[in-house]
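Below is the file data_0.csv, which contains CSV, C-alpha atoms and all ligand atoms.
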```csv
chain,number,residue,atom,x,y,z
A,1,MET,CA,-5.5,-35.5,68.3
A,2,LEU,CA,-8.4,-33.8,66.6
A,3,THR,CA,-11.6,-32.9,68.5
A,4,THR,CA,-14.8,-34.4,67.3
A,5,GLU,CA,-15.8,-31.2,65.5
A,6,GLN,CA,-12.5,-31.0,63.7
A,7,GLU,CA,-12.8,-34.6,62.7
A,8,VAL,CA,-16.3,-33.9,61.2
A,9,ASN,CA,-15.0,-30.9,59.4
A,10,MET,CA,-12.0,-32.8,58.0
A,11,LYS,CA,-14.2,-35.7,56.9
A,12,LYS,CA,-16.5,-33.4,55.0
A,13,LEU,CA,-13.6,-31.7,53.3
A,14,ALA,CA,-12.1,-35.0,52.5
A,15,SER,CA,-15.3,-36.2,50.8
A,16,MET,CA,-15.4,-33.0,48.7
A,17,ILE,CA,-11.9,-33.2,47.4
A,18,ARG,CA,-11.9,-37.0,46.9
A,19,GLY,CA,-12.7,-36.7,43.2
A,20,ILE,CA,-10.1,-34.1,42.5
A,21,LYS,CA,-7.1,-36.0,40.9
A,22,VAL,CA,-4.7,-33.1,40.7
A,23,ALA,CA,-3.9,-30.3,43.3
A,24,MET,CA,-1.7,-27.2,42.9
A,25,LEU,CA,1.2,-27.2,45.3
A,26,THR,CA,2.6,-23.7,46.0
A,27,THR,CA,6.1,-23.3,47.5
A,28,GLN,CA,8.3,-20.3,48.3
A,29,GLY,CA,11.5,-20.0,46.3
A,30,ARG,CA,14.3,-17.6,46.4
A,31,ASP,CA,13.6,-13.9,47.1
A,32,GLY,CA,10.1,-14.9,48.2
A,33,VAL,CA,8.9,-15.9,44.7
A,34,LEU,CA,5.9,-18.2,44.9
A,35,HIS,CA,5.9,-21.2,42.5
A,36,SER,CA,3.0,-23.6,41.9
A,37,ARG,CA,2.8,-26.8,40.0
A,38,PRO,CA,0.2,-29.6,39.5
A,39,MET,CA,0.6,-32.7,41.7
A,40,ALA,CA,-1.3,-36.0,41.5
A,41,THR,CA,-3.3,-36.5,44.7
A,42,GLN,CA,-3.6,-39.8,46.6
A,43,ASP,CA,-6.9,-41.6,47.1
A,44,VAL,CA,-6.5,-42.2,50.8
A,45,GLU,CA,-8.3,-41.2,54.0
A,46,LEU,CA,-7.5,-37.6,54.8
A,47,ASP,CA,-6.5,-37.3,58.4
A,48,ARG,CA,-4.7,-34.0,58.3
A,49,ILE,CA,-1.8,-35.5,56.4
A,50,LEU,CA,-1.5,-35.2,52.6
A,51,TRP,CA,0.9,-37.3,50.6
A,52,PHE,CA,2.4,-36.7,47.2
A,53,PHE,CA,5.1,-38.5,45.2
A,54,THR,CA,8.1,-36.3,44.3
A,55,ALA,CA,11.7,-36.5,43.2
A,56,ALA,CA,14.0,-36.0,46.2
A,57,HIS,CA,16.2,-33.9,43.9
A,58,SER,CA,13.9,-31.3,42.5
A,59,ASP,CA,13.3,-27.6,42.8
A,60,LYS,CA,10.2,-28.1,44.9
A,61,ALA,CA,12.1,-30.4,47.3
A,62,ASP,CA,14.9,-27.7,47.6
A,63,GLU,CA,12.3,-25.0,48.2
A,64,ILE,CA,10.5,-27.0,50.9
A,65,ARG,CA,13.8,-27.7,52.7
A,66,GLN,CA,14.3,-23.9,52.9
A,67,HIS,CA,10.7,-22.9,53.5
A,68,PRO,CA,8.5,-25.8,54.8
A,69,ARG,CA,5.3,-23.8,54.6
A,70,VAL,CA,3.3,-24.7,51.5
A,71,ASN,CA,-0.2,-24.3,50.2
A,72,VAL,CA,-2.2,-27.0,48.4
A,73,SER,CA,-5.2,-25.9,46.5
A,74,TYR,CA,-8.0,-28.0,44.9
A,75,VAL,CA,-10.2,-26.7,42.1
A,76,SER,CA,-13.3,-28.2,40.7
A,77,ALA,CA,-14.5,-25.5,38.3
A,78,GLN,CA,-17.7,-27.3,37.2
A,79,ASP,CA,-18.8,-27.7,40.8
A,80,HIS,CA,-17.7,-24.1,41.7
A,81,PHE,CA,-15.7,-25.6,44.5
A,82,TYR,CA,-12.3,-24.4,45.7
A,83,VAL,CA,-10.2,-25.5,48.7
A,84,SER,CA,-7.0,-24.0,50.1
A,85,LEU,CA,-5.0,-26.0,52.6
A,86,ALA,CA,-2.0,-24.4,54.4
A,87,GLY,CA,0.5,-26.7,56.0
A,88,ARG,CA,4.1,-27.7,56.7
A,89,ALA,CA,5.8,-30.0,54.2
A,90,GLU,CA,8.7,-32.3,54.4
A,91,ILE,CA,10.4,-34.8,52.1
A,92,VAL,CA,10.4,-38.3,53.5
A,93,ARG,CA,11.9,-41.5,52.1
A,94,ASP,CA,9.7,-44.0,53.8
A,95,ARG,CA,9.8,-47.2,51.6
A,96,GLU,CA,6.9,-48.8,53.3
A,97,LYS,CA,4.6,-45.8,52.9
A,98,MET,CA,5.7,-45.5,49.2
A,99,ALA,CA,4.7,-49.1,48.6
A,100,GLU,CA,1.4,-48.5,50.3
A,101,LEU,CA,0.6,-45.4,48.2
A,102,TRP,CA,2.0,-46.4,44.9
A,103,SER,CA,-0.3,-46.9,41.9
A,104,PRO,CA,0.5,-47.4,38.2
A,105,ALA,CA,-0.8,-43.9,37.5
A,106,HIS,CA,2.3,-42.5,39.1
A,107,ARG,CA,4.4,-44.0,36.2
A,108,ALA,CA,3.5,-40.9,34.2
A,109,TRP,CA,5.9,-39.0,36.4
A,110,PHE,CA,8.1,-41.8,37.7
A,111,PRO,CA,8.5,-44.3,35.0
A,112,LYS,CA,11.1,-46.4,37.0
A,113,GLY,CA,8.4,-46.8,39.7
A,114,LEU,CA,9.3,-47.8,43.2
A,115,ASP,CA,12.8,-48.8,42.1
A,116,ASP,CA,13.6,-45.1,41.3
A,117,PRO,CA,16.3,-44.2,43.8
A,118,ASP,CA,15.3,-40.6,43.7
A,119,LEU,CA,11.6,-41.3,44.4
A,120,ALA,CA,10.4,-39.8,47.7
A,121,LEU,CA,7.3,-38.6,49.4
A,122,LEU,CA,6.1,-35.2,50.2
A,123,ARG,CA,4.3,-35.2,53.5
A,124,VAL,CA,2.1,-32.2,54.2
A,125,GLU,CA,0.7,-31.7,57.7
A,126,VAL,CA,-2.3,-29.5,57.2
A,127,GLU,CA,-2.5,-26.6,59.7
A,128,SER,CA,-5.5,-24.7,58.3
A,129,ALA,CA,-8.2,-25.2,55.7
A,130,GLU,CA,-10.6,-23.0,53.9
A,131,HIS,CA,-13.2,-23.8,51.3
A,132,TRP,CA,-15.4,-21.9,48.9
A,133,ASP,CA,-18.5,-23.6,47.8
A,134,MET,CA,-20.4,-21.3,45.5
A,135,LEU,CA,-23.5,-23.5,45.4
A,136,SER,CA,-24.1,-23.5,49.1
A,137,SER,CA,-25.4,-20.4,50.9
A,138,ALA,CA,-22.1,-19.7,52.6
A,139,MET,CA,-19.5,-18.4,50.2
A,140,VAL,CA,-16.6,-19.0,52.5
A,141,ARG,CA,-16.2,-21.4,55.3
A,142,LEU,CA,-13.2,-21.8,57.4
A,143,VAL,CA,-12.5,-25.2,58.7
A,144,GLU,CA,-10.8,-24.8,62.0
A,145,LEU,CA,-8.3,-27.5,62.6
B,146,MET,CA,9.0,-4.0,26.4
B,147,LEU,CA,8.7,-7.6,25.5
B,148,THR,CA,10.7,-9.2,22.7
B,149,THR,CA,8.8,-10.8,19.8
B,150,GLU,CA,9.3,-14.3,21.2
B,151,GLN,CA,8.0,-13.2,24.6
B,152,GLU,CA,5.0,-11.6,23.0
B,153,VAL,CA,4.2,-14.8,21.1
B,154,ASN,CA,4.6,-16.9,24.3
B,155,MET,CA,2.4,-14.5,26.2
B,156,LYS,CA,-0.3,-14.5,23.5
B,157,LYS,CA,-0.4,-18.3,23.4
B,158,LEU,CA,-0.7,-18.5,27.1
B,159,ALA,CA,-3.4,-15.8,27.1
B,160,SER,CA,-5.5,-17.7,24.6
B,161,MET,CA,-5.2,-20.8,26.7
B,162,ILE,CA,-6.4,-19.2,30.0
B,163,ARG,CA,-9.1,-17.1,28.4
B,164,GLY,CA,-11.8,-19.6,29.1
B,165,ILE,CA,-10.8,-20.0,32.8
B,166,LYS,CA,-13.2,-17.8,34.8
B,167,VAL,CA,-11.6,-18.2,38.2
B,168,ALA,CA,-7.9,-18.3,39.2
B,169,MET,CA,-6.4,-19.2,42.6
B,170,LEU,CA,-4.3,-16.3,44.1
B,171,THR,CA,-1.7,-17.4,46.6
B,172,THR,CA,-0.2,-14.8,49.0
B,173,GLN,CA,2.2,-15.0,51.9
B,174,GLY,CA,0.8,-14.2,55.3
B,175,ARG,CA,2.3,-14.0,58.8
B,176,ASP,CA,5.0,-16.5,59.7
B,177,GLY,CA,5.4,-17.4,56.0
B,178,VAL,CA,2.0,-19.2,55.9
B,179,LEU,CA,0.7,-19.4,52.3
B,180,HIS,CA,-3.0,-18.7,51.7
B,181,SER,CA,-4.9,-19.1,48.5
B,182,ARG,CA,-8.4,-18.1,47.4
B,183,PRO,CA,-10.4,-18.1,44.2
B,184,MET,CA,-10.5,-14.8,42.3
B,185,ALA,CA,-12.7,-13.9,39.3
B,186,THR,CA,-10.5,-13.3,36.2
B,187,GLN,CA,-10.9,-10.5,33.8
B,188,ASP,CA,-11.6,-11.1,30.1
B,189,VAL,CA,-9.0,-8.7,28.8
B,190,GLU,CA,-5.9,-8.9,26.7
B,191,LEU,CA,-3.1,-10.3,28.8
B,192,ASP,CA,-0.1,-8.2,28.3
B,193,ARG,CA,1.9,-9.3,31.4
B,194,ILE,CA,-0.5,-7.4,33.7
B,195,LEU,CA,-3.3,-9.3,35.5
B,196,TRP,CA,-6.2,-7.4,37.1
B,197,PHE,CA,-8.6,-8.5,39.8
B,198,PHE,CA,-11.2,-6.7,41.9
B,199,THR,CA,-10.6,-6.7,45.6
B,200,ALA,CA,-11.6,-5.0,48.8
B,201,ALA,CA,-9.0,-2.5,49.8
B,202,HIS,CA,-9.5,-3.6,53.4
B,203,SER,CA,-9.0,-7.4,53.3
B,204,ASP,CA,-6.6,-10.0,54.5
B,205,LYS,CA,-5.2,-10.5,51.1
B,206,ALA,CA,-4.6,-6.7,50.6
B,207,ASP,CA,-2.8,-6.6,53.9
B,208,GLU,CA,-0.7,-9.7,53.0
B,209,ILE,CA,0.2,-8.1,49.6
B,210,ARG,CA,1.3,-4.9,51.2
B,211,GLN,CA,3.7,-6.9,53.4
B,212,HIS,CA,4.8,-9.4,50.8
B,213,PRO,CA,4.1,-8.3,47.2
B,214,ARG,CA,5.1,-11.6,45.7
B,215,VAL,CA,2.1,-13.7,44.7
B,216,ASN,CA,1.3,-16.7,42.6
B,217,VAL,CA,-1.7,-16.9,40.3
B,218,SER,CA,-2.7,-20.4,39.1
B,219,TYR,CA,-5.2,-21.5,36.4
B,220,VAL,CA,-6.6,-25.0,36.4
B,221,SER,CA,-8.7,-26.5,33.6
B,222,ALA,CA,-8.9,-30.1,34.8
B,223,GLN,CA,-11.0,-31.4,31.9
B,224,ASP,CA,-8.3,-30.1,29.4
B,225,HIS,CA,-5.4,-31.3,31.6
B,226,PHE,CA,-4.1,-27.8,31.5
B,227,TYR,CA,-2.4,-26.0,34.4
B,228,VAL,CA,-0.7,-22.6,34.5
B,229,SER,CA,1.4,-21.0,37.2
B,230,LEU,CA,2.2,-17.3,37.0
B,231,ALA,CA,4.6,-15.7,39.6
B,232,GLY,CA,4.5,-11.9,39.9
B,233,ARG,CA,4.4,-8.8,42.0
B,234,ALA,CA,1.1,-7.5,43.2
B,235,GLU,CA,-0.1,-4.1,44.4
B,236,ILE,CA,-3.4,-2.7,45.4
B,237,VAL,CA,-4.5,0.3,43.3
B,238,ARG,CA,-7.5,2.5,43.4
B,239,ASP,CA,-7.7,3.6,39.8
B,240,ARG,CA,-11.3,4.7,39.2
B,241,GLU,CA,-10.9,4.8,35.5
B,242,LYS,CA,-9.5,1.3,35.3
B,243,MET,CA,-12.2,0.0,37.6
B,244,ALA,CA,-14.9,1.4,35.3
B,245,GLU,CA,-13.2,-0.1,32.3
B,246,LEU,CA,-13.0,-3.6,33.9
B,247,TRP,CA,-16.3,-3.7,35.7
B,248,SER,CA,-19.0,-6.1,34.6
B,249,PRO,CA,-22.2,-7.1,36.4
B,250,ALA,CA,-20.7,-10.5,37.3
B,251,HIS,CA,-18.6,-8.8,39.9
B,252,ARG,CA,-21.8,-7.9,41.8
B,253,ALA,CA,-21.6,-11.4,43.4
B,254,TRP,CA,-18.6,-10.2,45.4
B,255,PHE,CA,-19.2,-6.4,45.4
B,256,PRO,CA,-23.0,-5.9,45.5
B,257,LYS,CA,-22.5,-2.1,45.8
B,258,GLY,CA,-20.6,-2.1,42.6
B,259,LEU,CA,-18.4,0.8,41.5
B,260,ASP,CA,-19.9,2.9,44.3
B,261,ASP,CA,-18.4,0.7,47.0
B,262,PRO,CA,-15.8,3.0,48.6
B,263,ASP,CA,-13.7,-0.1,49.6
B,264,LEU,CA,-13.5,-1.4,46.0
B,265,ALA,CA,-10.0,-1.6,44.7
B,266,LEU,CA,-8.0,-3.4,42.0
B,267,LEU,CA,-5.3,-5.9,42.5
B,268,ARG,CA,-2.6,-5.4,39.8
B,269,VAL,CA,-0.2,-8.3,39.2
B,270,GLU,CA,2.8,-7.8,37.1
B,271,VAL,CA,3.8,-11.3,35.9
B,272,GLU,CA,7.5,-12.0,36.2
B,273,SER,CA,7.5,-15.7,35.2
B,274,ALA,CA,5.1,-18.2,33.8
B,275,GLU,CA,5.0,-22.0,33.5
B,276,HIS,CA,2.4,-24.2,32.0
B,277,TRP,CA,1.6,-27.9,31.9
B,278,ASP,CA,-0.2,-29.1,28.9
B,279,MET,CA,-0.8,-32.8,28.8
B,280,LEU,CA,-2.2,-32.8,25.3
B,281,SER,CA,1.0,-31.4,23.7
B,282,SER,CA,4.1,-33.4,23.5
B,283,ALA,CA,5.9,-31.2,26.1
B,284,MET,CA,4.7,-31.8,29.6
B,285,VAL,CA,6.2,-28.7,31.0
B,286,ARG,CA,7.0,-25.5,29.1
B,287,LEU,CA,8.5,-22.5,30.7
B,288,VAL,CA,7.4,-19.2,29.2
B,289,GLU,CA,10.4,-16.9,29.7
B,290,LEU,CA,9.3,-13.3,30.3
A,301,LIG,C1,-1.4,-33.6,35.9
A,301,LIG,C2,0.0,-33.5,36.5
A,301,LIG,C3,0.3,-34.3,37.6
A,301,LIG,C4,1.6,-34.2,38.2
A,301,LIG,N1,1.9,-35.0,39.3
A,301,LIG,C5,3.1,-34.9,39.8
A,301,LIG,C6,3.4,-35.7,41.0
A,301,LIG,O1,2.6,-36.4,41.6
A,301,LIG,N2,4.7,-35.6,41.5
A,301,LIG,C7,5.7,-34.8,40.9
A,301,LIG,O2,6.8,-34.8,41.4
A,301,LIG,N3,5.4,-34.1,39.8
A,301,LIG,C8,4.2,-34.1,39.2
A,301,LIG,N4,3.9,-33.4,38.1
A,301,LIG,C9,5.0,-32.6,37.5
A,301,LIG,C10,5.1,-31.3,38.3
A,301,LIG,O3,4.0,-30.5,38.0
A,301,LIG,C11,6.4,-30.6,38.1
A,301,LIG,O4,6.5,-30.2,36.7
A,301,LIG,C12,7.6,-31.4,38.5
A,301,LIG,O5,7.4,-32.1,39.6
A,301,LIG,C13,8.9,-30.5,38.7
A,301,LIG,O6,8.5,-29.5,39.6
A,301,LIG,P1,9.7,-28.7,40.4
A,301,LIG,O7,10.7,-28.3,39.3
A,301,LIG,O8,8.9,-27.5,40.9
A,301,LIG,O9,10.2,-29.5,41.4
A,301,LIG,C14,2.6,-33.4,37.5
A,301,LIG,C15,2.3,-32.7,36.4
A,301,LIG,C16,1.0,-32.7,35.9
A,301,LIG,C17,0.7,-31.9,34.6
```
Representation of the structure as structure tokens:
Amino acid sequence: MLTTEQEVNMKKLASMIRGIKVAMLTTQGRDGVLHSRPMATQDVELDRILWFFTAAHSDKADEIRQHPRVNVSYVSAQDHFYVSLAGRAEIVRDREKMAELWSPAHRAWFPKGLDDPDLALLRVEVESAEHWDMLSSAMVRLVEL
Amino acid sequence: MLTTEQEVNMKKLASMIRGIKVAMLTTQGRDGVLHSRPMATQDVELDRILWFFTAAHSDKADEIRQHPRVNVSYVSAQDHFYVSLAGRAEIVRDREKMAELWSPAHRAWFPKGLDDPDLALLRVEVESAEHWDMLSSAMVRLVEL
């Protein structure tokens, strides 16, 4: 359960990242090497859980099984707006959730759609959030969760 | 020394990221938590080494001393262009290099300028690079370094 203040913070952040269609997901690979890659974001209520579609057999899924701690960053350069979310990720195969989140835009990455046996979800539980909003007076604000 | 092919790859990547003024730098903190933050990029020839200004006493500097492996990502959403660079970082206090790289734009973060005794450079040696370029036929291309 979030406190009221945490809920307000999270809602504010959610409204700011709503328009950002692609996030960068960073995972830790072998020897501590950090990899990032673009991932399509979901247009859902942000309640501390982020969802992404992924292949169950992929480098990122392997890296997450080894090191569940990930970072998800959102950049909106024209708004001078940057967000960093740190959290714990896991690969889940929840058919119902996949059907709920699916949209035709995901065909770009998963042409077989919901029938793809390798389709899975990446569930990220956000543990801390920071954002930089160059247009506001405060350069850095930490959203305590 | 880079091979001719690596040099060509690196030059191409450099020309693509030239216009991106802010990168996201991801470091590994305590307990494997991954943090990212926006960092102003330098407008210099990219020759496998990236430079950023930083405070020598800062969370990121501490994290880098513990875990030198970092990721630097460049996002240009309107061009559908994404780059991930993995490398090794170190904090250096090279006065000559600082004078060479300094520009008035850095005053936003370091108002005392080159006289700031805590001013330092973050030097990242790029070990591998990947980019996603939706406009070219290949979605993902790995630049082997
Ligand atoms: C704009 C954009 C959006 C992407 N969205 C996703 C996505 O939602 N899910 C996914 O698995 N890959 C997505 N990709 C591809 C990933 O960036 C990556 O190349 C792929 O998932 C393999 O990554 P891995 O080898 O680290 O597992 C996207 C790529 C781009 C350029």
Discussion item. Just the number, please: distance in Å from atom C1 of ligand LIG 301 (chain A) to atom CA of Ile165 of chain B, one decimal.
Written reply: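 Value for the atom C1 of ligand LIG 301 (chain A)-atom CA of Ile165 of chain B distance: 16.8 Å.
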Worksheet item: Hey, which residues come within 7 Å of ligand LIG 301 (chain A) if we count only C-alpha atoms and all ligand atoms? Could you give them as a PyMOL selection string?
Response: (chain A and resi 22+37-41+52-55+58-61+106+109) or (chain B and resi 225+227+277-279+284-285)
Item to complete: Considering all atoms listed in the file, state which residue in the set B:Ile194, B:Val153, B:Ala168, B:Val215 is at the smallest distance from chain A.
Response: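 Using all atoms listed in the file, chain A sits closest to B:Val215.
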Practice prompt. Compare A:Val124, A:Ala129, A:Val44, A:Ala86 by their minimum atom-to-atom distance to Thr172 of chain B, counting only C-alpha atoms, and give me the closest one.
Written response: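 Using only C-alpha atoms, the shortest distance to Thr172 of chain B belongs to A:Ala86.
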Practice prompt. Pick out the closest residue to chain B from this set: A:Arg95, A:Lys11, A:His131, A:His57. Count all atoms listed in the file.
Written response: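 For chain B, the nearest of the given residues is A:His131.
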Per residue of chain B within 9 Å of chain A, record the nearest atom pair and its distance in Å to one decimal, counting all atoms listed in the file, with rows in chain order and ascending residue number, as a Markdown table.
```
| residue | atom | partner | partner_atom | distance |
| --- | --- | --- | --- | --- |
| B:Ile165 | CA | A:Ala77 | CA | 8.6 |
| B:Lys166 | CA | A:Ala77 | CA | 8.6 |
| B:Val167 | CA | A:Ala77 | CA | 7.9 |
| B:Met169 | CA | A:Ser73 | CA | 7.8 |
| B:Thr171 | CA | A:Thr26 | CA | 7.7 |
| B:Thr172 | CA | A:Leu34 | CA | 8.1 |
| B:Gln173 | CA | A:Leu34 | CA | 8.5 |
| B:Asp176 | CA | A:Arg69 | CA | 8.9 |
| B:Gly177 | CA | A:Arg69 | CA | 6.6 |
| B:Val178 | CA | A:Arg69 | CA | 5.8 |
| B:Leu179 | CA | A:Asn71 | CA | 5.4 |
| B:His180 | CA | A:Ala86 | CA | 6.4 |
| B:Ser181 | CA | A:Ser84 | CA | 5.6 |
| B:Arg182 | CA | A:Ser84 | CA | 6.6 |
| B:Pro183 | CA | A:Tyr82 | CA | 6.7 |
| B:His212 | CA | A:Gly32 | CA | 8.1 |
| B:Pro213 | CA | A:Gly32 | CA | 9.0 |
| B:Arg214 | CA | A:Val33 | CA | 5.8 |
| B:Val215 | CA | A:Leu34 | CA | 5.9 |
| B:Asn216 | CA | A:Leu34 | CA | 5.4 |
| B:Val217 | CA | A:Ser36 | CA | 8.3 |
| B:Ser218 | CA | A:Ser36 | CA | 7.1 |
| B:Val220 | CA | A:Val75 | CA | 7.0 |
| B:Ser221 | CA | A:Ala77 | CA | 7.5 |
| B:Ala222 | CA | A:Ser76 | CA | 7.6 |
| B:Tyr227 | CA | A:Pro38 | CA | 6.8 |
| B:Val228 | CA | A:Arg37 | CA | 7.8 |
| B:Ser229 | CA | A:Ser36 | CA | 5.6 |
| B:Leu230 | CA | A:His35 | CA | 7.7 |
| B:Ala231 | CA | A:Leu34 | CA | 6.0 |
| B:Gly232 | CA | A:Val33 | CA | 7.6 |
| B:Arg233 | CA | A:Val33 | CA | 8.8 |
| B:Glu275 | CA | A:Arg37 | CA | 8.4 |
| B:His276 | CA | A:Arg37 | CA | 8.4 |
| B:Trp277 | CA | A:Pro38 | CA | 7.9 |
```
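Atom CA of Glu100 of chain A sits 26.1 Å away from atom CA of Gln6 of chain A.
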Discussion item. Using all atoms listed in the file, can you tell me which of B:Ala265, B:Ile209, B:Leu246, B:Thr149 comes closest to Gln187 of chain B?
Written reply: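 The shortest atom-to-atom distance to Gln187 of chain B comes from B:Leu246.
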Which residues come within 6 Å of Arg123 of chain A, counting all atoms listed in the file, excluding same-chain residues fewer than 6 positions away, as a CSV table (one decimal) with C-alpha atoms, in the frame of the given file?
```csv
chain,number,residue,atom,x,y,z
A,50,LEU,CA,-1.5,-35.2,52.6
A,51,TRP,CA,0.9,-37.3,50.6
A,89,ALA,CA,5.8,-30.0,54.2
A,90,GLU,CA,8.7,-32.3,54.4
```
Worksheet entry | Between atom CA of Pro256 of chain B and atom CA of Glu241 of chain B - distance in Å to one decimal |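 Value for the atom CA of Glu241 of chain B-atom CA of Pro256 of chain B distance: 19.0 Å.
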